[in-house]
file work_1.txt (compact mmCIF, C-alpha atoms)
# COMPACT_ATOMS: atom_id res chain seq x y z
CA MET A 1 -15.99 -0.49 29.88
CA LEU A 2 -19.58 -0.82 28.72
CA THR A 3 -22.29 1.80 28.94
CA ALA A 4 -25.90 0.64 29.16
CA LEU A 5 -28.63 2.81 27.78
CA LEU A 6 -32.13 1.70 28.74
CA ILE A 7 -34.86 3.07 26.49
CA LEU A 8 -38.34 3.52 27.83
CA THR A 9 -40.61 1.81 25.33
CA VAL A 10 -43.33 4.36 24.77
CA CYS A 11 -44.13 7.73 26.25
CA LEU A 12 -46.52 9.86 24.30
CA PHE A 13 -47.35 13.46 25.20
CA THR A 14 -49.99 14.93 22.91
CA GLY A 15 -52.04 16.79 25.49
CA GLN A 16 -54.48 13.86 25.49
CA GLY A 17 -52.64 11.32 27.60
CA ASP A 18 -50.79 8.20 26.47
CA GLU A 19 -52.73 6.62 23.60
CA SER A 20 -49.86 4.34 22.50
CA GLY A 21 -49.06 4.21 18.79
CA VAL A 22 -45.48 5.44 19.45
CA PHE A 23 -42.62 2.95 19.32
CA GLN A 24 -38.91 3.00 20.17
CA ALA A 25 -36.22 0.53 19.18
CA PRO A 26 -34.13 -1.15 20.36
CA ASP A 27 -35.22 -1.63 23.97
CA ILE A 28 -31.65 -1.73 25.34
CA ILE A 29 -28.44 -0.52 23.75
CA TRP A 30 -24.95 -1.49 24.82
CA GLY A 31 -22.07 0.66 23.66
CA SER A 32 -18.39 0.87 24.48
CA THR A 33 -16.79 4.01 25.87
CA GLY A 34 -16.11 6.56 23.13
CA SER A 35 -18.42 4.93 20.59
CA SER A 36 -21.79 6.15 19.29
CA VAL A 37 -25.22 4.53 19.42
CA GLU A 38 -28.48 5.25 17.64
CA MET A 39 -32.08 4.82 18.80
CA ASN A 40 -35.18 5.11 16.64
CA CYS A 41 -38.70 6.37 17.20
CA SER A 42 -41.77 5.86 15.01
CA HIS A 43 -45.50 6.38 15.35
CA LYS A 44 -48.79 5.41 13.74
CA LYS A 45 -50.56 8.69 14.37
CA ASP A 46 -51.89 10.83 11.55
CA ILE A 47 -49.73 13.11 9.42
CA ARG A 48 -50.38 16.07 11.70
CA HIS A 49 -48.04 14.52 14.30
CA ARG A 50 -44.91 15.93 12.70
CA GLN A 51 -43.08 17.13 15.81
CA MET A 52 -40.77 14.85 17.78
CA TYR A 53 -39.12 15.36 21.16
CA TRP A 54 -36.26 13.43 22.79
CA PHE A 55 -35.75 13.27 26.55
CA LYS A 56 -33.20 11.79 28.94
CA GLN A 57 -33.65 10.73 32.56
CA ALA A 58 -30.49 9.77 34.44
CA PRO A 59 -30.78 7.57 37.55
CA GLY A 60 -32.21 9.56 40.47
CA GLU A 61 -32.67 12.71 38.40
CA GLY A 62 -35.51 14.51 36.69
CA MET A 63 -36.38 14.42 33.02
CA THR A 64 -34.18 16.53 30.74
CA PRO A 65 -35.09 17.53 27.18
CA ILE A 66 -32.40 16.75 24.62
CA ALA A 67 -33.77 17.73 21.25
CA PHE A 68 -36.81 18.94 19.38
CA THR A 69 -37.24 18.09 15.70
CA PHE A 70 -39.84 18.54 13.01
CA VAL A 71 -40.05 17.66 9.35
CA GLY A 72 -38.29 20.22 7.20
CA GLY A 73 -36.58 22.08 10.04
CA GLU A 74 -33.28 22.11 11.91
CA PRO A 75 -33.12 20.25 15.25
CA ASP A 76 -33.14 22.37 18.40
CA TYR A 77 -30.74 21.04 21.05
CA GLY A 78 -31.12 23.89 23.51
CA ASP A 79 -27.95 24.13 25.61
CA HIS A 80 -26.73 20.71 24.51
CA SER A 81 -23.90 20.28 22.02
CA LYS A 82 -24.36 18.93 18.51
CA ASP A 83 -21.12 17.07 19.14
CA LYS A 84 -22.95 14.98 21.73
CA TYR A 85 -26.36 14.43 20.13
CA GLU A 86 -27.66 14.19 16.60
CA ALA A 87 -31.41 14.14 16.01
CA VAL A 88 -32.74 13.32 12.54
CA LYS A 89 -36.29 13.54 11.22
CA THR A 90 -36.73 13.14 7.47
CA ASP A 91 -40.38 12.07 7.42
CA VAL A 92 -43.52 12.44 9.52
CA GLU A 93 -43.67 8.88 10.91
CA SER A 94 -40.12 8.35 12.15
CA GLY A 95 -37.00 9.89 13.61
CA SER A 96 -33.74 8.96 15.32
CA LEU A 97 -31.34 10.13 18.01
CA SER A 98 -27.62 9.36 18.09
CA VAL A 99 -25.60 9.67 21.31
CA LYS A 100 -21.92 10.21 20.55
CA ASN A 101 -18.70 9.66 22.46
CA LEU A 102 -20.31 7.48 25.12
CA GLY A 103 -19.32 7.93 28.75
CA SER A 104 -20.62 6.90 32.17
CA GLY A 105 -22.92 9.97 32.25
CA ASP A 106 -24.86 8.65 29.26
CA ALA A 107 -26.30 5.66 31.13
CA ALA A 108 -29.97 6.70 31.44
CA LEU A 109 -33.53 6.29 30.24
CA TYR A 110 -34.18 7.81 26.83
CA PHE A 111 -37.58 8.28 25.33
CA CYS A 112 -39.33 10.12 22.55
CA ALA A 113 -42.65 11.89 22.26
CA VAL A 114 -44.62 13.13 19.28
CA SER A 115 -47.12 15.94 19.00
CA LYS A 116 -49.29 17.62 16.43
CA GLY A 117 -48.17 20.58 14.43
CA ASP A 118 -50.36 23.53 15.37
CA GLU A 119 -53.31 23.98 13.02
CA SER A 120 -55.62 25.68 15.48
CA GLY A 121 -54.32 29.21 15.09
CA VAL A 122 -52.78 29.08 18.59
CA PHE A 123 -48.99 29.17 18.90
CA GLN A 124 -46.49 28.66 21.72
CA ALA A 125 -42.85 29.66 21.87
CA PRO A 126 -40.22 28.54 22.45
CA ASP A 127 -40.70 24.85 21.73
CA ILE A 128 -38.22 23.75 24.41
CA ILE A 129 -36.90 25.69 27.39
CA TRP A 130 -33.83 24.82 29.42
CA GLY A 131 -33.41 26.42 32.81
CA SER A 132 -31.08 25.88 35.75
CA ALA A 133 -32.37 24.95 39.20
CA GLY A 134 -33.69 27.98 41.07
CA SER A 135 -34.02 30.14 37.95
CA SER A 136 -37.17 31.29 36.14
CA VAL A 137 -38.31 30.70 32.58
CA GLU A 138 -41.02 32.28 30.47
CA MET A 139 -43.16 30.82 27.70
CA ASN A 140 -45.42 32.74 25.37
CA CYS A 141 -48.76 32.04 23.71
CA SER A 142 -50.40 33.89 20.84
CA HIS A 143 -53.36 33.29 18.56
CA GLU A 144 -54.86 34.40 15.26
CA LYS A 145 -58.47 34.12 16.38
CA ASP A 146 -60.88 37.06 16.40
CA ILE A 147 -61.03 39.62 19.21
CA SER A 148 -63.71 37.67 21.10
CA HIS A 149 -61.03 35.09 22.06
CA ARG A 150 -59.81 37.04 25.06
CA GLN A 151 -59.57 34.18 27.58
CA MET A 152 -56.37 32.14 27.95
CA TYR A 153 -55.68 28.93 29.88
CA TRP A 154 -52.36 27.32 30.86
CA PHE A 155 -51.94 23.61 31.57
CA LYS A 156 -49.11 21.34 32.70
CA GLN A 157 -48.59 17.63 32.02
CA ALA A 158 -45.81 15.94 33.98
CA PRO A 159 -44.39 12.59 32.76
CA GLY A 160 -46.89 9.78 33.33
CA GLU A 161 -49.54 12.10 34.73
CA GLY A 162 -52.70 13.78 33.48
CA MET A 163 -53.05 17.38 32.41
CA THR A 164 -53.36 19.89 35.27
CA PRO A 165 -54.69 23.47 34.96
CA ILE A 166 -52.23 26.14 36.09
CA ALA A 167 -53.80 29.49 35.35
CA PHE A 168 -56.75 31.22 33.74
CA THR A 169 -56.34 34.77 32.44
CA PHE A 170 -58.42 37.28 30.55
CA VAL A 171 -57.84 40.81 29.32
CA GLY A 172 -58.47 43.35 32.06
CA GLY A 173 -58.73 40.85 34.92
CA GLU A 174 -56.56 39.21 37.57
CA PRO A 175 -55.17 35.73 36.82
CA ASP A 176 -56.82 32.79 38.57
CA TYR A 177 -54.30 30.19 39.77
CA GLY A 178 -56.77 27.98 41.61
CA ASP A 179 -54.95 26.27 44.49
CA LEU A 180 -51.49 27.00 43.06
CA SER A 181 -49.18 29.67 44.42
CA LYS A 182 -48.42 33.01 42.77
CA ASP A 183 -44.88 32.50 44.03
CA LYS A 184 -44.53 29.61 41.56
CA TYR A 185 -46.38 30.89 38.50
CA GLU A 186 -47.03 34.27 36.95
CA ALA A 187 -49.51 34.53 34.07
CA VAL A 188 -49.76 37.79 32.13
CA LYS A 189 -52.30 38.85 29.51
CA THR A 190 -52.18 42.50 28.47
CA ASP A 191 -53.90 42.20 25.09
CA VAL A 192 -56.29 39.89 23.26
CA GLU A 193 -53.77 38.12 21.04
CA ASN A 194 -50.92 37.41 23.45
CA GLY A 195 -50.13 36.04 26.87
CA SER A 196 -47.26 34.53 28.83
CA LEU A 197 -46.55 32.15 31.69
CA ARG A 198 -43.53 32.38 33.94
CA VAL A 199 -42.41 29.38 36.00
CA LYS A 200 -40.30 30.46 38.96
CA ASN A 201 -37.71 28.77 41.17
CA LEU A 202 -37.27 25.81 38.84
CA GLY A 203 -36.95 22.33 40.29
CA SER A 204 -37.10 18.76 39.02
CA GLY A 205 -40.88 18.76 39.41
CA ASP A 206 -41.22 21.45 36.77
CA ALA A 207 -39.94 19.25 33.92
CA ALA A 208 -43.12 18.74 31.91
CA LEU A 209 -45.10 19.69 28.85
CA TYR A 210 -46.92 23.01 29.07
CA PHE A 211 -49.94 23.93 26.95
CA CYS A 212 -51.94 27.06 26.37
CA ALA A 213 -55.49 27.34 25.05
CA VAL A 214 -57.74 30.26 24.20
CA SER A 215 -61.50 30.59 24.21
CA TYR A 216 -64.06 33.19 23.35
CA THR A 217 -65.96 35.22 25.89
CA ILE A 218 -69.60 34.30 25.98
CA CYS A 219 -70.60 35.95 29.24
CA LYS A 220 -70.03 39.70 28.92
CA ASN A 221 -71.70 42.86 30.17
CA VAL A 222 -73.28 40.74 32.88
CA ASP A 223 -73.56 41.93 36.48
CA GLN A 224 -74.30 39.87 39.55
CA SER A 225 -75.23 41.06 43.01
CA PRO A 226 -74.56 40.88 45.85
CA ALA A 227 -70.90 39.90 45.64
CA ASP A 228 -70.92 37.79 48.80
CA VAL A 229 -73.69 36.47 51.02
CA LEU A 230 -73.43 35.22 54.59
CA CYS A 231 -76.68 33.86 55.98
CA LEU A 232 -78.22 31.57 58.57
CA PRO A 233 -79.76 28.20 57.69
CA LYS A 234 -83.37 28.22 56.50
CA THR A 235 -82.96 31.80 55.28
CA THR A 236 -84.26 32.80 51.84
CA VAL A 237 -81.51 34.40 49.73
CA LYS A 238 -81.90 36.38 46.51
CA LEU A 239 -79.13 36.51 43.89
CA THR A 240 -79.68 38.85 40.95
CA CYS A 241 -78.22 38.75 37.45
CA GLN A 242 -78.60 41.67 35.02
CA HIS A 243 -77.37 42.12 31.48
CA LYS A 244 -77.58 44.68 28.69
CA ILE A 245 -76.73 42.50 25.73
CA SER A 246 -78.91 43.08 22.70
CA ASN A 247 -80.81 40.00 21.45
CA TYR A 248 -79.82 37.87 24.46
CA ASP A 249 -83.07 36.45 25.80
CA THR A 250 -82.02 33.92 28.44
CA VAL A 251 -80.25 34.01 31.80
CA LEU A 252 -78.84 30.81 33.30
CA TRP A 253 -77.76 30.23 36.89
CA TYR A 254 -75.03 27.74 37.83
CA GLN A 255 -73.59 26.35 41.05
CA ARG A 256 -70.12 25.07 41.89
CA VAL A 257 -69.70 23.56 45.34
CA HIS A 258 -66.39 23.65 47.20
CA GLY A 259 -63.98 20.92 46.16
CA ASP A 260 -65.83 20.16 42.92
CA THR A 261 -64.71 21.56 39.56
CA ASN A 262 -68.00 20.65 37.86
CA LEU A 263 -70.48 23.40 37.05
CA LYS A 264 -74.12 22.43 37.51
CA LEU A 265 -77.05 24.18 35.90
CA ILE A 266 -79.64 25.14 38.50
CA ALA A 267 -82.23 27.02 36.47
CA TYR A 268 -82.82 29.34 33.55
CA ALA A 269 -85.34 31.97 32.51
CA SER A 270 -86.15 33.03 28.94
CA TYR A 271 -88.22 36.10 28.12
CA GLU A 272 -90.90 36.59 30.77
CA ASN A 273 -92.84 33.35 30.61
CA ILE A 274 -90.29 30.52 30.16
CA LYS A 275 -88.69 29.36 33.40
CA GLN A 276 -87.12 26.01 34.22
CA ILE A 277 -85.68 24.52 37.42
CA GLU A 278 -83.52 21.43 36.99
CA PRO A 279 -85.11 18.36 38.70
CA GLU A 280 -82.52 17.94 41.46
CA TYR A 281 -82.95 21.58 42.52
CA LYS A 282 -86.74 21.75 42.57
CA GLY A 283 -88.07 22.72 45.98
CA HIS A 284 -84.78 24.37 46.92
CA PHE A 285 -84.49 27.10 44.26
CA ASN A 286 -86.75 29.32 42.21
CA VAL A 287 -86.24 31.93 39.47
CA THR A 288 -88.14 35.10 38.66
CA GLY A 289 -87.67 37.89 36.15
CA ASN A 290 -87.15 38.42 32.45
CA GLY A 291 -84.30 36.69 30.63
CA GLU A 292 -83.91 39.71 28.35
CA LYS A 293 -82.94 41.96 31.26
CA SER A 294 -82.77 40.62 34.81
CA VAL A 295 -83.32 37.27 36.53
CA THR A 296 -83.25 36.57 40.27
CA LEU A 297 -82.30 33.20 41.72
CA HIS A 298 -84.08 32.48 45.00
CA VAL A 299 -82.35 30.10 47.40
CA LEU A 300 -85.23 28.73 49.48
CA GLN A 301 -84.57 27.72 53.07
CA ALA A 302 -80.79 27.78 52.61
CA ARG A 303 -79.00 24.60 53.65
CA GLN A 304 -75.57 24.77 55.24
CA VAL A 305 -73.86 21.99 53.29
CA GLU A 306 -75.72 21.76 49.98
CA ASP A 307 -76.15 25.49 49.31
CA SER A 308 -72.82 26.92 50.52
CA ALA A 309 -71.14 27.34 47.13
CA MET A 310 -70.16 29.69 44.32
CA TYR A 311 -72.95 30.87 42.03
CA PHE A 312 -72.68 32.57 38.69
CA CYS A 313 -74.91 33.47 35.82
CA ALA A 314 -74.54 33.68 32.06
CA ALA A 315 -76.56 35.50 29.44
CA TYR A 316 -77.41 33.48 26.36
CA ILE A 317 -79.31 33.42 23.09
CA ARG A 318 -81.72 30.52 23.40
CA HIS A 319 -81.11 28.72 20.11
CA SER A 320 -80.99 25.33 21.79
CA ALA A 321 -82.48 24.43 25.14
CA ALA A 322 -80.43 21.24 25.19
CA HIS A 323 -76.99 22.85 25.32
CA PHE A 324 -76.48 25.89 27.45
CA LEU A 325 -72.92 25.74 28.65
CA SER A 326 -69.81 24.96 26.66
CA GLN A 327 -66.40 24.25 28.15
CA GLU A 328 -65.19 27.62 26.95
CA GLN A 329 -67.32 29.37 29.58
CA LYS A 330 -65.69 29.99 32.92
CA PRO A 331 -66.73 32.31 35.74
CA THR A 332 -64.35 35.17 36.43
CA SER A 333 -63.72 36.71 39.82
CA ASN A 334 -66.18 39.55 39.30
CA GLN A 335 -68.92 37.23 38.03
CA VAL A 336 -69.05 34.90 41.05
CA ILE A 337 -71.25 35.13 44.13
CA HIS A 338 -69.99 33.35 47.24
CA LEU A 339 -72.78 32.09 49.49
CA LEU A 340 -71.89 30.79 52.96
CA VAL A 341 -74.61 29.33 55.17
CA TRP A 342 -73.47 29.11 58.79
CA HIS A 343 -74.72 28.16 62.23
CA THR A 344 -74.59 30.40 65.31
CA CYS A 345 -73.53 29.09 68.69
call {"tool": "encode", "arguments": {"input": "work_1.txt", "output": "structure tokens"}}
result
Amino acid sequence: MLTALLILTVCLFTGQGDESGVFQAPDIIWGSTGSSVEMNCSHKKDIRHRQMYWFKQAPGEGMTPIAFTFVGGEPDYGDHSKDKYEAVKTDVESGSLSVKNLGSGDAALYFCAVSKGDESGVFQAPDIIWGSAGSSVEMNCSHEKDISHRQMYWFKQAPGEGMTPIAFTFVGGEPDYGDLSKDKYEAVKTDVENGSLRVKNLGSGDAALYFCAVSYTICKNVDQSPADVLCLPKTTVKLTCQHKISNYDTVLWYQRVHGDTNLKLIAYASYENIKQIEPEYKGHFNVTGNGEKSVTLHVLQARQVEDSAMYFCAAYIRHSAAHFLSQEQKPTSNQVIHLLVWHTC
């Protein structure tokens, strides 16, 4: 009896999508029952890519992790037996996996992935989690950044897909899961340095790579009012942003329309005499006030479609007028104003 093992040529998970540069050989392995076979993996990435993962996907089933290896450390097989698998990694660029005592259950797709060793000061544990269907698993994230890095993000990347945000958390606030259900995920952040993500009711669709990221809080001690606005079309609406941050001289107003994840700068005000409305918003918005204390955004003649959105402000030190918003900034639930423009019957 022969057992066929089909190896998927390349599947790279680095958190940046498949960039190739990872190679497996041979493409197909034939082995007799009871024998052992070996497959190899190599890459042409830089020396920071020192971690290697091995996965198995049996016909009609989800992806299952087999082993995690890194240079200088012992392989982690999770719940699998060392009598069945042997993963070897003696240098940064290459590694191998042996499947022993072949049987019909070994006929599957096998593939490897490589990733960077963490040099960012952000750490996740454990490296691989095995969980039975219907159970829950928890992963942890910690960092060695300063205390301003109080925001944490969780992402998921399923095989062959892009990276998807799962949750955003910050110390002292409620997690934001976007369109995802709290029944599926539970993100916890009780202190600045640590956080966790729990994935509940495990199914085949949960087999993926999970990433965490941290960022520093730029917008702090900033208050917006009112919290929510419901108005009729062609009404003028005033949204106010106040801050008490020493040396911050600029207030910026942003808009995010429903169904769009992009944040668009509407206007900003610096000191008392510098005010700027972005070209596409001229005639529809205005700003008044002092960027060192309080700035009001005026929605002129509110439009039902274009102006129904979420609005938020940020306080800033105006070192560069060309770059106001970095990707680390994200509105939190108590910093967002919801404006709904509606028609009456």
call {"tool": "atom_distance", "arguments": {"input": "work_1.txt", "atom1": "atom CA of A:Ile29", "atom2": "atom CA of A:Ser204"}}
result
26.1 Å
call {"tool": "atom_distance", "arguments": {"input": "work_1.txt", "atom1": "atom CA of A:Asp127", "atom2": "atom CA of A:Asn194"}}
result
16.3 Å
call {"tool": "closest_residue", "arguments": {"input": "work_1.txt", "among": "A:Ile129, A:Glu61, A:Glu292, A:Leu97", "to": "A:Asp79", "atoms": "all atoms listed in the file"}}
result
A:Ile129
call {"tool": "residues_around", "arguments": {"input": "work_1.txt", "residues": "A:Asp146", "least_positions_apart": "3", "cutoff": "9 Å", "atoms": "all atoms listed in the file", "output": "PyMOL selection string"}}
result
chain A and resi 143+149-150+192-193+216
call {"tool": "residues_around", "arguments": {"input": "work_1.txt", "residues": "A:Ala158", "least_positions_apart": "4", "cutoff": "10 Å", "atoms": "only C-alpha atoms", "output": "list in words"}}
result
Phe13, Met63, Gly162, Met163, Thr164, Gly205, Asp206, Ala207, Ala208, Leu209 and Tyr210 of chain A
call {"tool": "residues_around", "arguments": {"input": "work_1.txt", "residues": "A:Ala125", "least_positions_apart": "3", "cutoff": "7 Å", "atoms": "all atoms listed in the file", "output": "PyMOL selection string"}}
result
chain A and resi 139-141
call {"tool": "closest_residue", "arguments": {"input": "work_1.txt", "among": "A:Lys89, A:His80, A:Lys275, A:Lys184", "to": "A:Gln51", "atoms": "only C-alpha atoms"}}
result
A:Lys89
call {"tool": "residues_near_point", "arguments": {"input": "work_1.txt", "point": "(-45.7, 7.5, 8.9)", "cutoff": "10 Å", "atoms": "all atoms listed in the file", "output": "JSON, numbers by chain"}}
result
{"A": [42, 43, 44, 45, 46, 47, 49, 50, 91, 92, 93, 94]}
call {"tool": "axis_aligned_box", "arguments": {"input": "work_1.txt", "around": "stretch 199-205 of chain A", "padding_each_side": "4 Å", "output": "AutoDock Vina command-line options"}}
result
--center_x -39.7 --center_y 24.6 --center_z 38.6 --size_x 13.5 --size_y 19.7 --size_z 13.2
call {"tool": "residues_around", "arguments": {"input": "work_1.txt", "residues": "A:Val122", "least_positions_apart": "6", "cutoff": "9 Å", "atoms": "only C-alpha atoms", "output": "PDB file with C-alpha atoms, in the coordinates of the input"}}
result
ATOM      1  CA  CYS A 141     -48.760  32.040  23.710  1.00  0.00           C
ATOM      2  CA  SER A 142     -50.400  33.890  20.840  1.00  0.00           C
ATOM      3  CA  HIS A 143     -53.360  33.290  18.560  1.00  0.00           C
ATOM      4  CA  GLU A 144     -54.860  34.400  15.260  1.00  0.00           C
ATOM      5  CA  LYS A 145     -58.470  34.120  16.380  1.00  0.00           C
ATOM      6  CA  CYS A 212     -51.940  27.060  26.370  1.00  0.00           C
ATOM      7  CA  ALA A 213     -55.490  27.340  25.050  1.00  0.00           C
ATOM      8  CA  VAL A 214     -57.740  30.260  24.200  1.00  0.00           C
TER       9      VAL A 214
END
call {"tool": "atom_distance", "arguments": {"input": "work_1.txt", "atom1": "atom CA of A:Glu86", "atom2": "atom CA of A:Ser115"}}
result
19.7 Å
call {"tool": "closest_residue", "arguments": {"input": "work_1.txt", "among": "A:Val299, A:Cys112, A:Met152, A:Leu239", "to": "A:Phe168", "atoms": "only C-alpha atoms"}}
result
A:Met152
call {"tool": "residues_around", "arguments": {"input": "work_1.txt", "residues": "A:Thr169", "least_positions_apart": "3", "cutoff": "10 Å", "atoms": "only C-alpha atoms", "output": "list in words"}}
result
Arg150, Gln151, Met152, Tyr153, Trp154, Gly172, Gly173, Glu174, Pro175, Asp176, Tyr177, Ala187, Val188, Lys189, Thr190, Gly195, Ser196, Val214 and Thr332 of chain A
call {"tool": "decode", "arguments": {"input": "work_1.txt", "residues": "stretch 191-200 of chain A", "atoms": "all heavy atoms", "output": "compact mmCIF listing (two decimals), in the first residue's frame"}}
result
# COMPACT_ATOMS: atom_id res chain seq x y z
N ASP A 191 -3.99 46.23 32.20
CA ASP A 191 -2.85 47.10 32.49
C ASP A 191 -2.14 47.46 31.19
O ASP A 191 -2.45 46.92 30.13
CB ASP A 191 -1.88 46.46 33.49
CG ASP A 191 -1.31 45.14 33.00
OD1 ASP A 191 -0.56 45.15 32.00
OD2 ASP A 191 -1.60 44.09 33.60
N VAL A 192 -1.19 48.37 31.29
CA VAL A 192 -0.54 48.91 30.09
C VAL A 192 0.27 47.87 29.36
O VAL A 192 0.27 47.81 28.12
CB VAL A 192 0.37 50.10 30.48
CG1 VAL A 192 1.19 50.57 29.30
CG2 VAL A 192 -0.46 51.25 31.03
N GLU A 193 0.96 47.00 30.08
CA GLU A 193 1.93 46.10 29.45
C GLU A 193 1.34 44.81 28.90
O GLU A 193 2.01 44.14 28.12
CB GLU A 193 3.03 45.73 30.46
CG GLU A 193 3.91 46.88 30.91
CD GLU A 193 3.30 47.69 32.03
OE1 GLU A 193 2.23 47.28 32.55
OE2 GLU A 193 3.87 48.73 32.39
N ASN A 194 0.14 44.43 29.31
CA ASN A 194 -0.37 43.11 28.97
C ASN A 194 -1.80 43.13 28.46
O ASN A 194 -2.57 44.03 28.78
CB ASN A 194 -0.32 42.20 30.22
CG ASN A 194 1.07 42.07 30.79
OD1 ASN A 194 1.89 41.34 30.26
ND2 ASN A 194 1.35 42.79 31.87
N GLY A 195 -2.11 42.11 27.67
CA GLY A 195 -3.46 41.93 27.18
C GLY A 195 -3.64 40.50 26.72
O GLY A 195 -2.68 39.74 26.59
N SER A 196 -4.89 40.11 26.47
CA SER A 196 -5.15 38.74 26.03
C SER A 196 -6.34 38.72 25.07
O SER A 196 -7.15 39.64 25.05
CB SER A 196 -5.45 37.83 27.24
OG SER A 196 -6.65 38.24 27.89
N LEU A 197 -6.39 37.65 24.28
CA LEU A 197 -7.50 37.42 23.37
C LEU A 197 -7.96 35.99 23.52
O LEU A 197 -7.16 35.06 23.43
CB LEU A 197 -7.09 37.67 21.92
CG LEU A 197 -8.18 37.38 20.88
CD1 LEU A 197 -9.30 38.41 20.96
CD2 LEU A 197 -7.60 37.33 19.47
N ARG A 198 -9.25 35.82 23.75
CA ARG A 198 -9.83 34.49 23.85
C ARG A 198 -10.69 34.23 22.62
O ARG A 198 -11.52 35.07 22.25
CB ARG A 198 -10.67 34.36 25.12
CG ARG A 198 -11.32 32.98 25.30
CD ARG A 198 -12.04 32.90 26.62
NE ARG A 198 -11.07 32.87 27.70
CZ ARG A 198 -10.50 31.77 28.18
NH1 ARG A 198 -10.80 30.59 27.64
NH2 ARG A 198 -9.64 31.83 29.16
N VAL A 199 -10.47 33.07 21.99
CA VAL A 199 -11.28 32.65 20.85
C VAL A 199 -12.18 31.53 21.35
O VAL A 199 -11.70 30.49 21.84
CB VAL A 199 -10.41 32.16 19.68
CG1 VAL A 199 -11.28 31.81 18.48
CG2 VAL A 199 -9.37 33.21 19.31
N LYS A 200 -13.48 31.70 21.21
CA LYS A 200 -14.45 30.78 21.79
C LYS A 200 -15.06 29.87 20.73
O LYS A 200 -15.06 30.18 19.55
CB LYS A 200 -15.56 31.56 22.50
CG LYS A 200 -15.08 32.62 23.47
CD LYS A 200 -16.24 33.45 24.00
CE LYS A 200 -15.80 34.61 24.85
NZ LYS A 200 -16.94 35.44 25.31
